[in-house]
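Text of data03.txt (compact mmCIF, C-alpha atoms) as supplied:
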```txt
# COMPACT_ATOMS: atom_id res chain seq x y z
CA MET A 236 2.24 -6.58 8.27
CA VAL A 237 1.07 -2.95 8.14
CA HIS A 238 3.61 -1.94 10.76
CA THR A 239 6.44 -3.70 8.92
CA TYR A 240 5.42 -2.13 5.58
CA SER A 241 5.49 1.30 7.21
CA MET A 242 9.00 0.64 8.60
CA ILE A 243 10.30 -0.56 5.21
CA HIS A 244 9.01 2.55 3.42
CA ASP A 245 10.04 4.84 6.31
CA ASP A 246 13.63 3.53 6.10
CA LEU A 247 13.95 4.26 2.35
CA PRO A 248 16.62 6.72 1.17
CA CYS A 249 13.88 9.21 0.17
CA MET A 250 12.42 9.08 3.69
CA ASP A 251 14.58 8.56 6.82
CA ASN A 252 17.41 6.83 4.93
CA ASP A 253 18.07 4.35 7.76
CA ASP A 254 20.74 1.66 7.34
CA PHE A 255 19.69 -0.56 10.25
CA ARG A 256 16.37 -1.87 11.59
CA ARG A 257 15.83 -4.46 14.29
CA GLY A 258 19.59 -4.96 14.49
CA ARG A 259 19.96 -5.89 10.83
CA PRO A 260 20.56 -3.98 7.60
CA THR A 261 17.37 -2.40 6.27
CA LEU A 262 15.64 -4.11 3.34
CA HIS A 263 16.86 -1.61 0.72
CA LYS A 264 20.44 -2.18 1.94
CA THR A 265 20.11 -5.92 1.30
CA TYR A 266 17.96 -5.94 -1.85
CA PRO A 267 17.46 -3.44 -4.69
CA GLU A 268 15.47 -0.41 -3.56
CA GLY A 269 12.59 -1.22 -5.93
CA HIS A 270 12.18 -4.59 -4.22
CA ALA A 271 11.93 -2.82 -0.85
CA VAL A 272 9.17 -0.51 -2.14
CA LEU A 273 7.29 -3.51 -3.53
CA ALA A 274 7.78 -5.59 -0.38
CA GLY A 275 6.10 -2.77 1.55
CA ASP A 276 3.31 -2.53 -1.03
CA PHE A 277 2.83 -6.29 -0.79
CA LEU A 278 2.60 -6.35 3.01
CA LEU A 279 0.00 -3.57 3.02
CA THR A 280 -2.08 -5.29 0.35
CA HIS A 281 -1.75 -8.71 1.97
CA ALA A 282 -2.94 -7.39 5.33
CA PHE A 283 -6.31 -6.59 3.75
CA GLU A 284 -6.41 -9.95 1.96
CA VAL A 285 -5.83 -11.82 5.23
CA LEU A 286 -8.58 -9.85 6.98
CA SER A 287 -11.03 -10.43 4.13
CA GLU A 288 -10.41 -14.19 4.41
CA ALA A 289 -10.37 -14.57 8.21
CA PRO A 290 -12.16 -17.90 8.61
CA LEU A 291 -13.86 -17.45 12.01
CA LEU A 292 -15.23 -13.91 11.62
CA THR A 293 -18.56 -12.71 10.26
CA ASP A 294 -18.67 -10.48 7.17
CA SER A 295 -19.63 -7.59 9.45
CA GLN A 296 -16.64 -8.13 11.74
CA LYS A 297 -14.27 -8.46 8.79
CA ASN A 298 -15.57 -5.19 7.33
CA GLN A 299 -15.20 -3.40 10.64
CA LEU A 300 -11.60 -4.60 11.00
CA ILE A 301 -10.76 -3.60 7.42
CA GLN A 302 -12.31 -0.17 7.93
CA VAL A 303 -10.43 0.39 11.21
CA LEU A 304 -7.16 -0.73 9.63
CA ALA A 305 -7.62 1.41 6.51
CA LYS A 306 -8.58 4.51 8.50
CA SER A 307 -5.83 4.18 11.09
CA SER A 308 -3.12 3.54 8.51
CA GLY A 309 -4.47 6.08 5.99
CA GLY A 310 -4.67 9.78 5.31
CA HIS A 311 -6.07 10.68 8.73
CA GLY A 312 -3.79 8.22 10.54
CA MET A 313 -0.35 6.79 9.92
CA ILE A 314 0.24 8.33 6.49
CA ALA A 315 -0.85 11.75 7.78
CA GLY A 316 1.71 11.37 10.57
CA GLN A 317 4.37 10.33 8.10
CA ILE A 318 3.73 13.38 5.90
CA MET A 319 3.84 15.68 8.95
CA ASP A 320 7.08 13.95 9.94
CA ILE A 321 8.78 14.57 6.59
CA GLU A 322 7.54 18.15 6.40
CA SER A 323 8.78 18.87 9.91
CA GLU A 324 12.41 18.11 9.17
CA HIS A 325 14.68 21.06 9.91
CA GLN A 326 11.87 22.61 11.97
CA VAL A 327 11.45 22.88 15.71
CA LEU A 328 7.97 21.66 16.61
CA GLU A 329 5.85 22.70 19.59
CA LEU A 330 5.04 19.88 22.02
CA GLU A 331 1.39 19.88 20.92
CA THR A 332 2.30 19.47 17.24
CA LEU A 333 4.74 16.70 18.15
CA ASN A 334 1.94 14.94 20.06
CA LEU A 335 -0.41 15.21 17.08
CA LEU A 336 2.27 13.92 14.72
CA HIS A 337 2.92 10.85 16.86
CA ARG A 338 -0.75 10.25 17.65
CA CYS A 339 -1.10 9.83 13.87
CA LYS A 340 2.20 8.17 13.02
CA THR A 341 2.46 5.69 15.90
CA GLY A 342 -0.71 5.96 17.96
CA ALA A 343 -3.21 5.28 15.19
CA LEU A 344 -1.92 1.79 14.50
CA LEU A 345 -1.66 0.82 18.17
CA GLN A 346 -5.17 2.16 18.59
CA ALA A 347 -6.28 -0.08 15.71
CA SER A 348 -4.64 -3.15 17.28
CA ALA A 349 -6.48 -2.53 20.54
CA LEU A 350 -9.79 -1.91 18.74
CA PHE A 351 -9.37 -5.16 16.78
CA GLY A 352 -9.72 -7.08 20.04
CA ALA A 353 -12.93 -5.29 20.99
CA ILE A 354 -14.45 -5.80 17.53
CA VAL A 355 -13.60 -9.51 17.40
CA ALA A 356 -15.13 -9.86 20.90
CA ASP A 357 -18.32 -8.07 19.72
CA GLN A 358 -18.06 -5.38 22.39
CA ASP A 359 -20.38 -2.36 22.57
CA ALA A 360 -19.41 1.19 21.58
CA SER A 361 -18.36 2.20 25.09
CA VAL A 362 -15.84 -0.66 25.50
CA CYS A 363 -14.58 -0.04 21.94
CA GLU A 364 -13.99 3.62 22.79
CA SER A 365 -12.15 2.82 26.05
CA VAL A 366 -9.90 0.29 24.36
CA ARG A 367 -9.26 2.69 21.45
CA ALA A 368 -8.22 5.48 23.82
CA PHE A 369 -5.98 3.02 25.69
CA GLY A 370 -4.23 2.08 22.44
CA ALA A 371 -3.81 5.71 21.39
CA ASP A 372 -2.17 6.66 24.71
CA ILE A 373 0.07 3.58 24.72
CA GLY A 374 1.19 4.58 21.22
CA LEU A 375 2.25 8.01 22.42
CA ALA A 376 3.94 6.58 25.53
CA PHE A 377 5.84 4.15 23.33
CA GLN A 378 7.01 6.95 21.06
CA ILE A 379 8.34 8.98 23.98
CA VAL A 380 10.25 5.90 25.22
CA ASP A 381 11.54 5.33 21.68
CA ASP A 382 12.89 8.89 21.55
CA ILE A 383 14.61 8.36 24.91
CA LEU A 384 16.16 5.05 23.79
CA ASP A 385 17.32 6.73 20.60
CA VAL A 386 19.78 8.86 22.58
CA THR A 387 20.52 6.64 25.58
CA GLN A 388 21.03 3.19 24.06
CA SER A 389 23.64 1.66 21.79
CA GLN A 390 22.93 0.38 18.29
CA GLN A 391 23.21 -3.28 19.39
CA LYS A 392 20.45 -2.93 21.94
CA HIS A 393 18.07 -0.75 19.94
CA GLY A 394 18.72 -2.30 16.55
CA LYS A 395 18.98 0.78 14.38
CA THR A 396 21.51 3.48 13.67
CA ILE A 397 21.50 5.83 16.60
CA SER A 398 19.55 8.97 16.09
CA SER A 399 18.72 9.21 12.42
CA ASP A 400 16.32 11.72 13.97
CA MET A 401 19.24 13.96 14.83
CA ILE A 402 20.81 13.45 11.40
CA ASN A 403 17.47 14.35 9.79
CA HIS A 404 17.04 17.34 12.14
CA LYS A 405 13.78 16.12 13.63
CA THR A 406 12.11 17.36 16.76
CA THR A 407 11.89 14.59 19.38
CA TYR A 408 10.49 14.45 22.89
CA VAL A 409 14.07 14.52 24.17
CA SER A 410 14.96 17.58 22.07
CA VAL A 411 11.89 19.40 23.43
CA LEU A 412 11.73 18.14 27.03
CA GLY A 413 15.13 16.60 27.79
CA VAL A 414 15.57 12.99 28.98
CA GLU A 415 14.23 13.39 32.50
CA LYS A 416 11.02 15.22 31.66
CA SER A 417 10.46 12.83 28.74
CA GLN A 418 10.58 9.90 31.18
CA LYS A 419 7.97 11.66 33.33
CA ALA A 420 5.82 12.30 30.25
CA ALA A 421 5.99 8.61 29.29
CA GLU A 422 4.94 7.56 32.80
CA HIS A 423 2.11 10.08 32.75
CA MET A 424 0.91 8.78 29.38
CA LEU A 425 1.03 5.21 30.69
CA GLU A 426 -1.17 6.20 33.64
CA SER A 427 -3.60 7.91 31.28
CA ALA A 428 -3.73 4.76 29.13
CA LEU A 429 -4.39 2.50 32.10
CA LYS A 430 -7.16 4.78 33.38
CA HIS A 431 -9.16 4.09 30.20
CA LEU A 432 -9.27 0.42 31.18
CA ASP A 433 -10.96 1.12 34.52
CA SER A 434 -14.48 1.30 33.08
CA ILE A 435 -14.21 -2.02 31.25
CA PRO A 436 -16.09 -4.79 33.11
CA PHE A 437 -13.55 -7.52 32.39
CA ASP A 438 -10.23 -8.71 33.76
CA MET A 439 -7.70 -6.37 32.14
CA THR A 440 -4.57 -7.86 33.75
CA LEU A 441 -3.01 -8.85 30.43
CA LEU A 442 -3.47 -5.41 28.83
CA VAL A 443 -2.02 -3.76 31.96
CA LYS A 444 1.02 -6.07 31.79
CA LEU A 445 1.39 -5.39 28.07
CA ALA A 446 1.28 -1.64 28.62
CA ASN A 447 3.92 -1.82 31.35
CA PHE A 448 6.09 -4.06 29.16
CA ILE A 449 5.97 -1.65 26.21
CA ILE A 450 6.95 1.34 28.30
CA ARG A 451 9.82 -0.46 30.03
CA LEU A 452 11.26 -1.66 26.67
CA MET B 23 -6.87 4.53 -6.97
CA VAL B 24 -5.01 1.21 -7.03
CA HIS B 25 -4.03 1.74 -10.65
CA THR B 26 -2.77 5.26 -9.95
CA TYR B 27 -0.82 4.11 -6.90
CA SER B 28 0.85 1.44 -9.02
CA MET B 29 1.82 4.04 -11.65
CA ILE B 30 3.26 6.42 -9.03
CA HIS B 31 5.43 3.69 -7.51
CA ASP B 32 6.29 2.25 -10.93
CA ASP B 33 7.57 5.65 -12.08
CA LEU B 34 9.93 6.08 -9.08
CA PRO B 35 13.67 6.42 -9.72
CA CYS B 36 14.25 2.98 -8.11
CA MET B 37 11.75 1.40 -10.52
CA ASP B 38 11.24 2.63 -14.12
CA ASN B 39 12.53 6.15 -13.40
CA ASP B 40 9.96 7.80 -15.68
CA ASP B 41 9.85 11.61 -15.98
CA PHE B 42 6.42 11.88 -17.62
CA ARG B 43 3.03 10.26 -17.08
CA ARG B 44 -0.29 11.21 -18.70
CA GLY B 45 1.45 14.11 -20.46
CA ARG B 46 2.66 15.70 -17.22
CA PRO B 47 5.76 15.38 -15.04
CA THR B 48 5.60 12.34 -12.76
CA LEU B 49 4.75 12.92 -9.11
CA HIS B 50 8.32 12.52 -7.82
CA LYS B 51 9.45 15.13 -10.38
CA THR B 52 6.99 17.67 -8.94
CA TYR B 53 7.15 16.81 -5.23
CA PRO B 54 9.82 15.27 -3.01
CA GLU B 55 10.25 11.55 -3.70
CA GLY B 56 9.07 10.61 -0.19
CA HIS B 57 5.76 12.35 -0.87
CA ALA B 58 5.33 10.29 -4.03
CA VAL B 59 5.91 7.03 -2.13
CA LEU B 60 3.39 8.13 0.51
CA ALA B 61 0.84 9.31 -2.07
CA GLY B 62 0.94 5.80 -3.54
CA ASP B 63 0.64 4.22 -0.09
CA PHE B 64 -2.31 6.50 0.64
CA LEU B 65 -4.19 5.64 -2.56
CA LEU B 66 -3.78 1.90 -1.96
CA THR B 67 -4.97 2.21 1.64
CA HIS B 68 -7.83 4.53 0.73
CA ALA B 69 -9.14 2.14 -1.92
CA PHE B 70 -9.81 -0.43 0.79
CA GLU B 71 -11.38 2.22 3.06
CA VAL B 72 -13.77 3.29 0.30
CA LEU B 73 -14.82 -0.31 -0.38
CA SER B 74 -15.34 -1.02 3.31
CA GLU B 75 -17.69 1.99 3.51
CA ALA B 76 -19.60 1.54 0.25
CA PRO B 77 -23.10 2.58 1.34
CA LEU B 78 -25.27 0.44 -0.96
CA LEU B 79 -23.48 -2.90 -0.69
CA THR B 80 -23.97 -5.76 1.74
CA ASP B 81 -21.14 -6.80 4.06
CA SER B 82 -20.74 -9.93 1.95
CA GLN B 83 -20.39 -7.93 -1.29
CA LYS B 84 -17.92 -5.53 0.30
CA ASN B 85 -15.80 -8.44 1.52
CA GLN B 86 -15.84 -10.08 -1.88
CA LEU B 87 -14.73 -6.84 -3.56
CA ILE B 88 -11.97 -6.30 -1.00
CA GLN B 89 -10.77 -9.86 -1.42
CA VAL B 90 -10.75 -9.60 -5.22
CA LEU B 91 -8.92 -6.27 -5.09
CA ALA B 92 -6.33 -7.49 -2.57
CA LYS B 93 -5.65 -10.70 -4.47
CA SER B 94 -5.43 -9.08 -7.90
CA SER B 95 -3.15 -6.28 -6.75
CA GLY B 96 -1.08 -8.49 -4.42
CA GLY B 97 1.63 -11.12 -4.44
CA HIS B 98 -0.09 -13.37 -6.99
CA GLY B 99 -1.25 -10.42 -9.12
CA MET B 100 0.04 -6.94 -9.84
CA ILE B 101 2.97 -6.96 -7.40
CA ALA B 102 4.09 -10.36 -8.70
CA GLY B 103 4.07 -8.87 -12.21
CA GLN B 104 5.99 -5.85 -11.03
CA ILE B 105 8.69 -8.02 -9.41
CA MET B 106 8.96 -10.13 -12.58
CA ASP B 107 9.21 -6.89 -14.54
CA ILE B 108 12.11 -5.53 -12.48
CA GLU B 109 13.93 -8.84 -12.46
CA SER B 110 13.57 -9.18 -16.23
CA GLU B 111 15.48 -6.00 -17.06
CA HIS B 112 18.47 -6.70 -19.28
CA GLN B 113 17.01 -10.10 -20.13
CA VAL B 114 15.26 -11.29 -23.25
CA LEU B 115 12.02 -13.02 -22.26
CA GLU B 116 10.18 -15.77 -24.10
CA LEU B 117 6.70 -14.79 -25.33
CA GLU B 118 5.09 -17.08 -22.75
CA THR B 119 6.97 -15.47 -19.87
CA LEU B 120 6.08 -12.02 -21.21
CA ASN B 121 2.41 -13.07 -21.28
CA LEU B 122 2.57 -14.31 -17.69
CA LEU B 123 4.28 -11.10 -16.57
CA HIS B 124 1.60 -8.91 -18.14
CA ARG B 125 -1.29 -11.13 -17.07
CA CYS B 126 -0.08 -10.37 -13.53
CA LYS B 127 1.07 -6.78 -13.94
CA THR B 128 -1.77 -5.41 -16.10
CA GLY B 129 -4.33 -8.17 -16.54
CA ALA B 130 -5.00 -8.86 -12.87
CA LEU B 131 -6.33 -5.38 -12.16
CA LEU B 132 -8.49 -5.22 -15.30
CA GLN B 133 -9.79 -8.65 -14.36
CA ALA B 134 -10.68 -7.29 -10.92
CA SER B 135 -12.53 -4.30 -12.44
CA ALA B 136 -14.61 -6.63 -14.58
CA LEU B 137 -15.31 -8.98 -11.66
CA PHE B 138 -16.42 -6.04 -9.51
CA GLY B 139 -19.39 -5.54 -11.82
CA ALA B 140 -20.44 -9.17 -11.58
CA ILE B 141 -20.11 -9.20 -7.77
CA VAL B 142 -22.11 -5.99 -7.33
CA ALA B 143 -24.78 -7.46 -9.63
CA ASP B 144 -24.88 -10.67 -7.53
CA GLN B 145 -24.10 -12.89 -10.49
CA ASP B 146 -23.44 -16.63 -10.22
CA ALA B 147 -20.02 -18.30 -10.46
CA SER B 148 -20.29 -18.93 -14.22
CA VAL B 149 -20.96 -15.28 -15.12
CA CYS B 150 -18.23 -14.19 -12.70
CA GLU B 151 -15.77 -16.54 -14.41
CA SER B 152 -16.70 -15.32 -17.93
CA VAL B 153 -16.37 -11.69 -16.95
CA ARG B 154 -13.09 -12.39 -15.15
CA ALA B 155 -11.63 -14.09 -18.23
CA PHE B 156 -12.84 -11.17 -20.39
CA GLY B 157 -11.01 -8.70 -18.14
CA ALA B 158 -7.83 -10.76 -18.11
CA ASP B 159 -7.71 -10.94 -21.92
CA ILE B 160 -8.52 -7.24 -22.32
CA GLY B 161 -5.63 -6.51 -19.96
CA LEU B 162 -3.23 -8.42 -22.15
CA ALA B 163 -4.60 -6.86 -25.34
CA PHE B 164 -4.18 -3.42 -23.78
CA GLN B 165 -0.56 -4.16 -22.85
CA ILE B 166 0.28 -5.23 -26.40
CA VAL B 167 -1.28 -2.00 -27.76
CA ASP B 168 0.64 -0.03 -25.11
CA ASP B 169 3.91 -1.58 -26.27
CA ILE B 170 3.06 -0.68 -29.88
CA LEU B 171 2.18 2.93 -28.94
CA ASP B 172 5.42 3.16 -26.99
CA VAL B 173 7.42 2.96 -30.21
CA THR B 174 5.00 4.47 -32.76
CA GLN B 175 3.62 7.54 -31.00
CA SER B 176 5.13 10.80 -29.87
CA GLN B 177 5.39 11.92 -26.26
CA GLN B 178 2.56 14.47 -26.65
CA LYS B 179 0.07 11.87 -27.72
CA HIS B 180 1.07 9.08 -25.36
CA GLY B 181 1.89 11.25 -22.37
CA LYS B 182 5.10 9.67 -21.20
CA THR B 183 8.73 9.64 -22.22
CA ILE B 184 9.03 7.42 -25.21
CA SER B 185 10.24 3.94 -24.50
CA SER B 186 11.56 3.93 -20.99
CA ASP B 187 11.20 0.21 -21.75
CA MET B 188 14.04 0.48 -24.24
CA ILE B 189 16.11 2.58 -21.82
CA ASN B 190 15.52 -0.03 -19.11
CA HIS B 191 16.29 -2.87 -21.56
CA LYS B 192 12.92 -4.54 -21.16
CA THR B 193 11.41 -7.17 -23.40
CA THR B 194 8.21 -5.88 -25.05
CA TYR B 195 5.74 -7.41 -27.48
CA VAL B 196 7.29 -5.25 -30.19
CA SER B 197 10.82 -6.39 -29.34
CA VAL B 198 9.70 -10.04 -29.52
CA LEU B 199 7.14 -9.94 -32.36
CA GLY B 200 7.71 -6.67 -34.23
CA VAL B 201 4.97 -4.06 -34.75
CA GLU B 202 2.89 -5.93 -37.33
CA LYS B 203 2.68 -9.27 -35.51
CA SER B 204 2.02 -7.39 -32.26
CA GLN B 205 -1.00 -5.73 -33.87
CA LYS B 206 -2.26 -9.17 -34.94
CA ALA B 207 -1.69 -10.49 -31.42
CA ALA B 208 -3.70 -7.60 -29.94
CA GLU B 209 -6.59 -8.25 -32.31
CA HIS B 210 -6.47 -11.95 -31.52
CA MET B 211 -6.54 -11.21 -27.78
CA LEU B 212 -9.50 -8.86 -28.30
CA GLU B 213 -11.42 -11.65 -30.08
CA SER B 214 -10.60 -14.05 -27.28
CA ALA B 215 -11.87 -11.51 -24.74
CA LEU B 216 -15.14 -10.94 -26.60
CA LYS B 217 -15.74 -14.68 -26.94
CA HIS B 218 -15.96 -14.95 -23.13
CA LEU B 219 -18.97 -12.62 -23.21
CA ASP B 220 -20.96 -14.93 -25.54
CA SER B 221 -22.21 -17.18 -22.75
CA ILE B 222 -23.52 -14.30 -20.61
CA PRO B 223 -27.32 -14.01 -20.85
CA PHE B 224 -27.41 -10.19 -20.82
CA ASP B 225 -26.91 -7.35 -23.28
CA MET B 226 -23.11 -6.97 -23.43
CA THR B 227 -23.04 -4.07 -25.94
CA LEU B 228 -21.33 -1.68 -23.54
CA LEU B 229 -18.55 -4.11 -22.61
CA VAL B 230 -17.97 -4.87 -26.30
CA LYS B 231 -17.74 -1.14 -27.06
CA LEU B 232 -15.37 -0.64 -24.12
CA ALA B 233 -13.14 -3.48 -25.28
CA ASN B 234 -12.95 -2.07 -28.80
CA PHE B 235 -12.24 1.41 -27.44
CA ILE B 236 -9.33 0.20 -25.28
CA ILE B 237 -7.67 -1.64 -28.13
CA ARG B 238 -7.98 1.27 -30.56
CA LEU B 239 -6.45 3.74 -28.04
```

Would you kindly transcribe this structure into structure tokens?
Amino acid sequence: MVHTYSMIHDDLPCMDNDDFRRGRPTLHKTYPEGHAVLAGDFLLTHAFEVLSEAPLLTDSQKNQLIQVLAKSSGGHGMIAGQIMDIESEHQVLELETLNLLHRCKTGALLQASALFGAIVADQDASVCESVRAFGADIGLAFQIVDDILDVTQSQQKHGKTISSDMINHKTTYVSVLGVEKSQKAAEHMLESALKHLDSIPFDMTLLVKLANFIIRL
Amino acid sequence: MVHTYSMIHDDLPCMDNDDFRRGRPTLHKTYPEGHAVLAGDFLLTHAFEVLSEAPLLTDSQKNQLIQVLAKSSGGHGMIAGQIMDIESEHQVLELETLNLLHRCKTGALLQASALFGAIVADQDASVCESVRAFGADIGLAFQIVDDILDVTQSQQKHGKTISSDMINHKTTYVSVLGVEKSQKAAEHMLESALKHLDSIPFDMTLLVKLANFIIRL
């Protein structure tokens, strides 16, 4: 829900002004723009309601999940990344700044998803930290792949207008590194993500598969 | 924070398109519109973060507060009211529909504020229900007074462009009842609110004063 809300608001005319998302017209192209803003507001609010009512979790677990979600989607996470993103239009960013932007904008929420699993499974701080770092790296790897797809794939396959990033004069991994080096960077980030799983004393096959699936999207 | 977020989004060009709020230019008039959307998103998210970190509350209290806030500002509360509000433009509403709209749009959040006090004070279900009903009625009374001020006061005093409601062709208490009957309705709603406090076995002087203050704004 939080991811979808962020897409709906990100696609608005006052943000990226995207006409297509997931292969279909964006919400504000189908319904009045005010409805799109409110649909995003609703999804964000409802995410917290659902967590606060989760039937099988303790109050402590619910609070931890809510805190992780609020922090990762808030002013030091996704919204920080979104603000950096808007303010960086028409600017050429350094690679390090681009990494920071996407660690906030994309990585924070993937990091939260990974942490959710560790919290629900009552894992200790060390496992939580490993899983968090895994999610953060996967987020960055995904973003690099997304930037590559943005220039190499057709609208049908990718589901949104090609390269609103170029239209909005945004720095992307491809604009900084080119396609080939971006592919290497994505693979390197995937390796880094998988390394974080090494210290976890459980069978991590599913997370490894998931990571590989995301990067080969 | 949730109230301010709702004002920022409500003032957007795709919603009420208001130029002034609290006597100053609205956020999207001072900063780019995307920043205003994100500032609202941030405030909503941060409200839940603050509750999840409240240092003196138990996990159970924090969860109750989060649940009350999410429900009252969500799809059966404030956002429902906001959707009804947008969809009612250029329509003349019945008094009952107008009441329902404002019980959601304004009343739900005031109801939540009142309930917060009862939850933090570990009160039983009956006190919680009385306080909730008090907040809901005060919310409606406030909205009626707000509609009256909208047509009787100047921009300086009220702090926003006069009657964006009229510009947006919205039904108000004044457009349905006229100023005089609206004043009676506000007083009646205030009485109804205060009556809910009668059954509470504590000194309610402060809440009574607060209720009277809101209505005489």

Would you give me, as a PyMOL selection string, the residues of chain B that come within 6 Å of chain A, using all atoms listed in the file? chain B and resi 36-37+55-56+64+67+71+74+81-82+85+89+92+96

Restricting the calculation to only C-alpha atoms: of A:Ile383, A:Leu350, A:Ala371, A:Leu441, which residue gets closest to A:Glu415? A:Ile383

Two-atom distance - atom CA of A:Ser417, atom CA of A:Ala349 (Å): 24.3 Å

Separation of atom CA of B:Gly99 and atom CA of B:Lys203, in Å? 26.7 Å

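Proximity of A:Asp438, A:Asp357, A:Asp372, A:Asp400 to A:Leu384, computed with all atoms listed in the file, is greatest for A:Asp400.
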
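The list of residues with at least one atom within 8 Å of A:Gly374, based on all atoms listed in the file and without residues fewer than 2 positions apart in the same chain, reads His337, Arg338, Thr341, Gly342, Ala343, Leu344, Leu345, Gln346, Gly370, Ala371, Asp372, Ala376, Phe377 and Gln378 of chain A.
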
Now that the selection is made, can you save its residues with C-alpha atoms as an mmCIF file, in the frame of the given file?
```
data_model
loop_
_atom_site.group_PDB
_atom_site.id
_atom_site.type_symbol
_atom_site.label_atom_id
_atom_site.label_comp_id
_atom_site.auth_asym_id
_atom_site.auth_seq_id
_atom_site.Cartn_x
_atom_site.Cartn_y
_atom_site.Cartn_z
ATOM 1 C CA HIS A 337 2.920 10.850 16.860
ATOM 2 C CA ARG A 338 -0.750 10.250 17.650
ATOM 3 C CA THR A 341 2.460 5.690 15.900
ATOM 4 C CA GLY A 342 -0.710 5.960 17.960
ATOM 5 C CA ALA A 343 -3.210 5.280 15.190
ATOM 6 C CA LEU A 344 -1.920 1.790 14.500
ATOM 7 C CA LEU A 345 -1.660 0.820 18.170
ATOM 8 C CA GLN A 346 -5.170 2.160 18.590
ATOM 9 C CA GLY A 370 -4.230 2.080 22.440
ATOM 10 C CA ALA A 371 -3.810 5.710 21.390
ATOM 11 C CA ASP A 372 -2.170 6.660 24.710
ATOM 12 C CA ALA A 376 3.940 6.580 25.530
ATOM 13 C CA PHE A 377 5.840 4.150 23.330
ATOM 14 C CA GLN A 378 7.010 6.950 21.060
#
```

Would you work out the distance separating atom CA of A:Val355 from atom CA of A:Arg367, expressed in Å to one decimal? 13.6 Å

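Distance check against A:Met424 using only C-alpha atoms: of A:Asn447, A:Ser410, A:Thr440, A:Gln358, the minimum falls on A:Asn447.
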
Give me, as number ranges by chain, all polymer residues having an atom no more than 9 Å from stretch 216-224 of chain B, counting all atoms listed in the file and skipping those fewer than 3 positions away in the same chain. B: 148-149, 151-156, 159-160, 211-213, 229-230, 233

Taking (4.0, 10.0, -11.2) as a centre in this file's frame and 8 Å as the limit, can you find every polymer residue with an atom that close, using all atoms listed in the file, and give them as an NGL selection string? :B and (29-31 or 33-34 or 40-43 or 47-51 or 58)

Now that the selection is made, can you save its residues with C-alpha atoms as a compact mmCIF listing (two decimals), keeping the file's coordinate frame?
```
# COMPACT_ATOMS: atom_id res chain seq x y z
CA MET B 29 1.82 4.04 -11.65
CA ILE B 30 3.26 6.42 -9.03
CA HIS B 31 5.43 3.69 -7.51
CA ASP B 33 7.57 5.65 -12.08
CA LEU B 34 9.93 6.08 -9.08
CA ASP B 40 9.96 7.80 -15.68
CA ASP B 41 9.85 11.61 -15.98
CA PHE B 42 6.42 11.88 -17.62
CA ARG B 43 3.03 10.26 -17.08
CA PRO B 47 5.76 15.38 -15.04
CA THR B 48 5.60 12.34 -12.76
CA LEU B 49 4.75 12.92 -9.11
CA HIS B 50 8.32 12.52 -7.82
CA LYS B 51 9.45 15.13 -10.38
CA ALA B 58 5.33 10.29 -4.03
```

For A:Glu422, which residue out of A:Met439, A:Ile379, A:Thr406, A:Ser323 is the nearest one, using all atoms listed in the file? A:Ile379

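Take the candidates B:Ser135, B:Thr119, B:Gln205, B:Asn190 and check each one against B:Val24 using only C-alpha atoms; the shortest distance goes to B:Ser135.
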
Name all residues at most 12 Å from A:Asp382 (count all atoms listed in the file; drop same-chain ones fewer than 5 positions away) and give them as a ChimeraX atom specification. /A:333,337,375-377,387-388,393,397-401,405-415,417-418,420-421,450,452

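Distance cut-off 7 Å, centre (4.9, -13.2, -13.2), atoms counted only C-alpha atoms; the residues meeting this are Ala102, Gly103, Met106, Leu122, Leu123 and Cys126 of chain B.
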